[in-house]
Each structure stands twice: as C-alpha cells, then as structure tokens.
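Okay, input.txt is below, compact mmCIF, C-alpha atoms and all ligand atoms:
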```txt
# COMPACT_ATOMS: atom_id res chain seq x y z
CA ALA A 197 0.00 0.00 0.00
CA SER A 198 1.12 3.58 -0.57
CA ASP A 199 1.12 4.33 3.17
CA LYS A 200 3.85 1.73 3.74
CA PRO A 201 7.10 3.44 4.80
CA LEU A 202 10.08 3.39 2.48
CA ARG A 203 13.61 2.65 3.66
CA LEU A 204 15.64 5.50 2.18
CA PHE A 205 19.10 6.97 2.06
CA PHE A 206 21.10 9.55 0.12
CA ALA A 207 24.23 8.20 -1.53
CA LEU A 208 27.14 9.05 -3.74
CA TRP A 209 26.45 6.83 -6.71
CA PRO A 210 29.47 5.40 -8.59
CA ASP A 211 29.85 5.33 -12.36
CA ASP A 212 30.52 1.97 -14.02
CA ALA A 213 34.31 2.36 -14.17
CA THR A 214 34.40 3.11 -10.44
CA ARG A 215 32.20 0.08 -9.75
CA GLU A 216 34.66 -2.11 -11.63
CA ALA A 217 37.60 -0.69 -9.69
CA LEU A 218 35.72 -1.29 -6.42
CA GLN A 219 34.91 -4.82 -7.50
CA ILE A 220 38.62 -5.49 -7.98
CA LEU A 221 39.19 -4.17 -4.44
CA GLN A 222 36.66 -6.70 -3.18
CA MET A 223 39.27 -9.38 -3.85
CA HIS A 224 41.01 -8.07 -0.73
CA VAL A 225 38.09 -8.86 1.54
CA HIS A 226 36.50 -12.04 2.82
CA GLY A 227 32.81 -12.02 3.67
CA ARG A 228 29.43 -11.54 2.08
CA ARG A 229 30.48 -9.24 -0.75
CA THR A 230 28.23 -6.39 -1.85
CA ARG A 231 26.87 -7.04 -5.32
CA VAL A 232 28.57 -4.75 -7.83
CA GLU A 233 25.36 -2.90 -8.73
CA ASN A 234 24.78 -2.14 -5.02
CA LEU A 235 28.17 -0.52 -4.33
CA HIS A 236 27.81 3.09 -3.10
CA ALA A 237 28.84 5.55 -0.39
CA THR A 238 26.05 6.65 1.93
CA LEU A 239 25.80 10.36 2.56
CA THR A 240 22.84 10.29 4.94
CA PHE A 241 20.73 7.40 6.15
CA LEU A 242 17.05 8.33 6.49
CA GLY A 243 15.59 4.96 7.43
CA ASN A 244 11.84 4.48 7.24
CA GLN A 245 10.02 7.45 5.73
CA PRO A 246 6.41 7.87 4.67
CA ALA A 247 5.95 8.13 0.90
CA VAL A 248 4.50 11.64 1.38
CA HIS A 249 8.06 12.80 2.16
CA LEU A 250 9.27 11.95 -1.36
CA PRO A 251 8.50 15.32 -2.98
CA VAL A 252 10.34 17.31 -0.32
CA LEU A 253 13.29 14.88 -0.45
CA LYS A 254 13.46 15.41 -4.21
CA THR A 255 13.46 19.17 -3.70
CA ILE A 256 16.22 18.90 -1.11
CA LEU A 257 18.29 16.85 -3.55
CA ALA A 258 17.74 19.37 -6.34
CA ASP A 259 18.77 22.29 -4.11
CA LEU A 260 22.07 20.85 -2.86
CA PRO A 261 25.23 22.75 -3.80
CA ARG A 262 26.57 21.90 -7.26
CA ILE A 263 30.12 20.97 -6.48
CA GLY A 264 31.70 17.87 -7.87
CA PHE A 265 34.83 16.50 -6.23
CA THR A 266 37.16 13.55 -6.41
CA LEU A 267 37.61 10.85 -3.81
CA GLN A 268 40.97 9.16 -3.75
CA ILE A 269 40.16 5.54 -2.89
CA ASP A 270 43.34 4.60 -1.10
CA ARG A 271 42.19 2.94 2.10
CA LEU A 272 40.68 -0.33 3.21
CA GLY A 273 38.97 -0.25 6.59
CA TYR A 274 37.01 -2.41 8.97
CA PHE A 275 34.12 -1.70 11.35
CA LYS A 276 34.81 -4.26 14.06
CA ARG A 277 31.40 -4.24 15.72
CA LYS A 278 29.46 -4.37 12.47
CA HIS A 279 31.92 -6.75 10.77
CA ILE A 280 31.96 -4.52 7.71
CA ALA A 281 34.96 -4.31 5.39
CA TRP A 282 35.01 -1.07 3.44
CA ALA A 283 36.90 1.09 0.98
CA GLY A 284 37.47 4.77 1.54
CA SER A 285 39.93 7.60 1.59
CA HIS A 286 42.60 8.94 3.89
CA ALA A 287 41.52 12.45 2.88
CA THR A 288 37.92 13.63 2.99
CA PRO A 289 37.50 16.50 0.50
CA LYS A 290 36.11 19.71 1.92
CA ALA A 291 33.41 19.73 -0.74
CA LEU A 292 32.14 16.41 0.58
CA VAL A 293 31.90 17.75 4.13
CA THR A 294 30.07 20.82 2.81
CA LEU A 295 27.68 18.64 0.84
CA GLN A 296 26.95 16.42 3.82
CA GLU A 297 26.39 19.41 6.10
CA SER A 298 24.10 21.14 3.58
CA LEU A 299 22.06 17.98 3.31
CA ALA A 300 21.79 17.59 7.09
CA GLN A 301 20.71 21.23 7.46
CA ALA A 302 18.08 20.95 4.73
CA LEU A 303 16.68 17.79 6.32
CA MET A 304 16.46 19.46 9.73
CA ARG A 305 14.83 22.54 8.20
CA HIS A 306 12.13 20.33 6.70
CA GLY A 307 11.73 18.28 9.86
CA ILE A 308 12.90 15.03 8.27
CA ALA A 309 14.48 12.60 10.72
CA PHE A 310 17.78 10.97 9.84
CA ASP A 311 20.60 9.03 11.45
CA ARG A 312 23.15 11.54 12.74
CA LYS A 313 25.09 9.35 15.10
CA ASN A 314 27.93 8.71 12.68
CA ASP A 315 30.73 11.22 12.71
CA PHE A 316 30.71 10.63 8.99
CA THR A 317 33.44 8.32 7.79
CA PRO A 318 32.69 8.17 4.09
CA HIS A 319 32.95 4.56 3.04
CA ILE A 320 31.85 2.01 0.50
CA THR A 321 30.84 -1.27 2.11
CA LEU A 322 32.68 -4.01 0.23
CA ALA A 323 31.52 -6.95 2.37
CA ARG A 324 29.37 -7.75 5.39
CA ASP A 325 29.89 -10.52 7.96
CA ALA A 326 33.46 -9.85 6.97
CA GLU A 327 36.93 -10.40 8.31
CA PRO A 328 39.38 -7.50 8.43
CA PRO A 329 40.64 -6.72 4.89
CA LEU A 330 43.84 -8.43 3.84
CA ASP A 331 46.90 -6.37 4.66
CA ARG A 332 48.41 -6.26 1.21
CA PRO A 333 49.09 -3.40 -1.17
CA PHE A 334 46.59 -2.36 -3.82
CA ASP A 335 46.41 0.28 -6.51
CA PRO A 336 44.62 3.39 -5.29
CA PHE A 337 42.28 4.98 -7.79
CA THR A 338 40.31 8.18 -8.20
CA TRP A 339 36.55 8.33 -8.07
CA GLU A 340 35.27 11.48 -9.72
CA VAL A 341 32.08 11.86 -7.77
CA LYS A 342 29.41 13.24 -10.06
CA GLN A 343 26.17 11.53 -9.16
CA ILE A 344 24.16 11.85 -5.98
CA ALA A 345 21.03 9.78 -5.49
CA LEU A 346 18.01 9.24 -3.29
CA VAL A 347 17.90 5.47 -2.94
CA GLN A 348 15.32 3.01 -1.68
CA SER A 349 16.47 -0.19 -0.03
CA THR A 350 14.26 -3.22 -0.60
CA GLN A 351 14.36 -6.95 -0.01
CA GLU A 352 13.35 -8.92 -3.09
CA GLY A 353 13.00 -12.55 -2.18
CA GLY A 354 15.54 -12.18 0.60
CA ARG A 355 17.86 -10.34 -1.76
CA LEU A 356 18.92 -6.80 -0.90
CA ALA A 357 18.27 -4.39 -3.77
CA TYR A 358 18.82 -0.65 -4.06
CA GLN A 359 16.60 1.36 -6.33
CA VAL A 360 17.61 4.86 -7.34
CA LEU A 361 14.40 6.90 -7.03
CA VAL A 362 15.94 10.11 -8.29
CA SER A 363 19.49 11.22 -8.96
CA ARG A 364 21.31 14.24 -10.19
CA HIS A 365 24.71 15.39 -11.31
CA LEU A 366 26.76 17.32 -8.82
CA GLU A 367 28.18 19.62 -11.44
CA GLU A 368 26.19 21.87 -13.69
P1 LIG B 1 26.79 0.48 5.86
O1 LIG B 1 27.10 0.01 4.47
O2 LIG B 1 27.98 0.98 6.59
O3 LIG B 1 25.98 -0.52 6.65
C1 LIG B 1 21.83 1.30 3.31
O4 LIG B 1 21.59 0.55 4.46
C2 LIG B 1 23.02 2.18 3.48
O5 LIG B 1 22.81 3.09 4.58
C3 LIG B 1 24.32 1.46 3.78
O6 LIG B 1 25.34 2.09 3.03
C4 LIG B 1 24.52 1.66 5.25
O7 LIG B 1 25.86 1.77 5.66
C5 LIG B 1 23.91 3.02 5.45
N1 LIG B 1 23.53 3.29 6.85
C6 LIG B 1 23.97 4.31 7.62
N2 LIG B 1 23.41 4.30 8.82
C7 LIG B 1 22.59 3.23 8.84
C8 LIG B 1 21.72 2.67 9.82
N3 LIG B 1 21.55 3.24 11.04
N4 LIG B 1 21.05 1.56 9.51
C9 LIG B 1 21.20 0.98 8.29
N5 LIG B 1 21.99 1.45 7.32
C10 LIG B 1 22.67 2.57 7.58
```

Let me see whether you can do it: turn the structure in this file into structure tokens.
Ligand code: 2AM
Amino acid sequence: ASDKPLRLFFALWPDDATREALQILQMHVHGRRTRVENLHATLTFLGNQPAVHLPVLKTILADLPRIGFTLQIDRLGYFKRKHIAWAGSHATPKALVTLQESLAQALMRHGIAFDRKNDFTPHITLARDAEPPLDRPFDPFTWEVKQIALVQSTQEGGRLAYQVLVSRHLEE
C-alpha cells in the first residue's frame, strides 16, 4: 500500500568504471560481498520514511550545492562491531563535508528525521559478515564523484536491492 514506509538513504552513486575498480578491491576482503550494482557511499541514512516525504526529499536533492569533487580511494577499513569491510579515503574533500552538512541542514529545516550518530566516515561497504581486509598493497584509484542519489532499499526474495528513485549530477 502507498502508506507503507520506504527505507531510504542519500548516496554518492558510482559510475561503471568506479564500480569495476571497487569490484577489484573486493578481492582483498572475505565475507558476504556487496553485489557490484549495489556498491555506493552513503551520505545520509534516512531509514523508514512515509511516501509523502518523497516530494520534499526530491526538492532537497535538487537544491544541494553543485560541487563535484574527487575521492581518492586509497584505504581499506574495517568496522569491528558491524563486521563490515570497506573502501574509503585517507583524505575527505572539503566539498564532501560541505555537501553532507548542507544535506543535514536541509533535512532538519524540513523536519525530516535521519541518522546523525555517525561522525561521517565516508565509506563504501565491500563486504558484510566480513573479516578484516587483507593487509596487502593495492592500486589506489580516483573516483570522480558526479552523481548523488536518493535510494530506496528493498528486499526482493531475501535479496537486498537498491533502487535509485531520483538522482542528479553534482556539477552543472
Ligand atoms: P553500511 O554500508 O555501513 O551498513 C543502506 O543501508 C546504506 O545506509 C548502507 O550504506 C549503510 O551503511 C547506510 N547506513 C547508515 N546508517 C545506517 C543505519 N543506522 N542503519 C542501516 N543502514 C545505515
């Protein structure tokens, strides 16, 4: 029914070349690997939201600052408690912090609840139920972040699927 809440989040959405590079990095991790089409970096997790919030979320997305940036993917990390192996960067670009803060402010202004516990470590989950990533060298690569998306998380026959509801380019 249309009154059923949607599980939503805002994410940096990788292009195909970046997905392939991330998939190669997945060789360094043991666990339940994220399917290649699901790879992303969460900007803000909204959790369950009523469908009536969709229009305002789309407006918020459209009004975010138009600044593209690059993420140097040069780091493999591990969340011990969550058993998540991830890829990320040693350097968080200022534009990314600005983007995340603008998004948080817009959500608060519109009274939309979101998860703000994380002190924002941008990361791409490579595997769940994972062991710490293998300690061996890998080739860092550059992700030119251009696409930001409002994404719905669904379970299809026990299979986790992410559906991009609306997305936009960061640069004009
Ligand atoms: P994770 O990969 O580190 O688990 C969809 O669940 C996306 O939202 C994932 O990228 C997930 O991050 C992120 N996320 C952030 N906070 C979350 C929360 N409280 N519950 C579930 N997912 C969360």

Check your understanding: Counting all atoms listed in the file, which protein, DNA or RNA residues come within 7 Å of ligand LIG 1 (chain B), given as a ChimeraX atom specification?
Key -> /A:205,236-238,240-241,243,280,311,320-321,349

Exercise for review: Counting only C-alpha atoms, figure out which residue out of A:Leu303, A:Val360, A:Ala323, A:Leu221 gets nearest to Val252 of chain A.
Suggested key: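 For Val252 of chain A, the nearest of the given residues is A:Leu303.
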
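The space separating atom CA of Arg324 of chain A from atom CA of Leu242 of chain A comes to 20.3 Å.
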
Taking 2 positions as the minimum chain separation for residues in the same chain, which residues sit within 10 Å of Lys254 of chain A when counting all atoms listed in the file? Answer as an mmCIF file with C-alpha atoms, in the frame of the given file.
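result-v6.cif written:
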```cif
data_model
loop_
_atom_site.group_PDB
_atom_site.id
_atom_site.type_symbol
_atom_site.label_atom_id
_atom_site.label_comp_id
_atom_site.auth_asym_id
_atom_site.auth_seq_id
_atom_site.Cartn_x
_atom_site.Cartn_y
_atom_site.Cartn_z
ATOM 1 C CA HIS A 249 8.060 12.800 2.160
ATOM 2 C CA LEU A 250 9.270 11.950 -1.360
ATOM 3 C CA PRO A 251 8.500 15.320 -2.980
ATOM 4 C CA VAL A 252 10.340 17.310 -0.320
ATOM 5 C CA ILE A 256 16.220 18.900 -1.110
ATOM 6 C CA LEU A 257 18.290 16.850 -3.550
ATOM 7 C CA ALA A 258 17.740 19.370 -6.340
ATOM 8 C CA ASP A 259 18.770 22.290 -4.110
ATOM 9 C CA ALA A 345 21.030 9.780 -5.490
ATOM 10 C CA LEU A 346 18.010 9.240 -3.290
ATOM 11 C CA LEU A 361 14.400 6.900 -7.030
ATOM 12 C CA VAL A 362 15.940 10.110 -8.290
ATOM 13 C CA SER A 363 19.490 11.220 -8.960
ATOM 14 C CA ARG A 364 21.310 14.240 -10.190
#
```

Review point. Which is closer to Thr266 of chain A than all the others in A:Phe310, A:Ala213, A:Pro289, A:Gln219, using all atoms listed in the file?
Key: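 Of A:Phe310, A:Ala213, A:Pro289, A:Gln219, the one nearest Thr266 of chain A, counting all atoms listed in the file, is A:Pro289.
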
**Study point:** Nearest candidate to Glu327 of chain A (options A:Arg229, A:Ile308, A:Lys313, A:Ala247; using all atoms listed in the file)
**Key:**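 Of A:Arg229, A:Ile308, A:Lys313, A:Ala247, the one nearest Glu327 of chain A is A:Arg229, counting all atoms listed in the file.
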
**Study point:** Residue among A:Leu239, A:His279, A:Thr255, A:Asp325 lying closest to Thr294 of chain A, counting only C-alpha atoms
**Key:**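 Among A:Leu239, A:His279, A:Thr255, A:Asp325, it is A:Leu239 that comes nearest to Thr294 of chain A.
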
Check your understanding: What lies within 9 Å of Ala291 of chain A using only C-alpha atoms, ignoring chain neighbours under 4 positions off, as a list in words?
Key ->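 Skipping anything fewer than 4 positions along the chain leaves Ile263, Gly264, Phe265, Leu295 and Gln296 of chain A.
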
Review point. From the list A:Ile269, A:Ala302, A:Tyr358, A:Thr230, which residue is nearest Pro318 of chain A when using all atoms listed in the file?
Key: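 With all atoms listed in the file as the atom set, the closest residue is A:Ile269.
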
Exercise for review: Go ahead and compute the interatomic distance for atom CA of Trp282 of chain A and atom CA of Arg332 of chain A, in Å to one decimal.
Suggested key: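 If I compute the distance from atom CA of Trp282 of chain A to atom CA of Arg332 of chain A, I get 14.5 Å.
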
Practice item. Could you jot down the atom CA of Leu322 of chain A to atom CA of Leu235 of chain A separation for me, Å, one decimal place? Key: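 Atom-to-atom, atom CA of Leu322 of chain A to atom CA of Leu235 of chain A, that is 7.3 Å.
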
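Comparing the minimum interatomic distances between Asp335 of chain A and each of A:Ala287, A:Val248, A:Leu356, A:Leu272, counting only C-alpha atoms, we find that A:Leu272 sits nearest.
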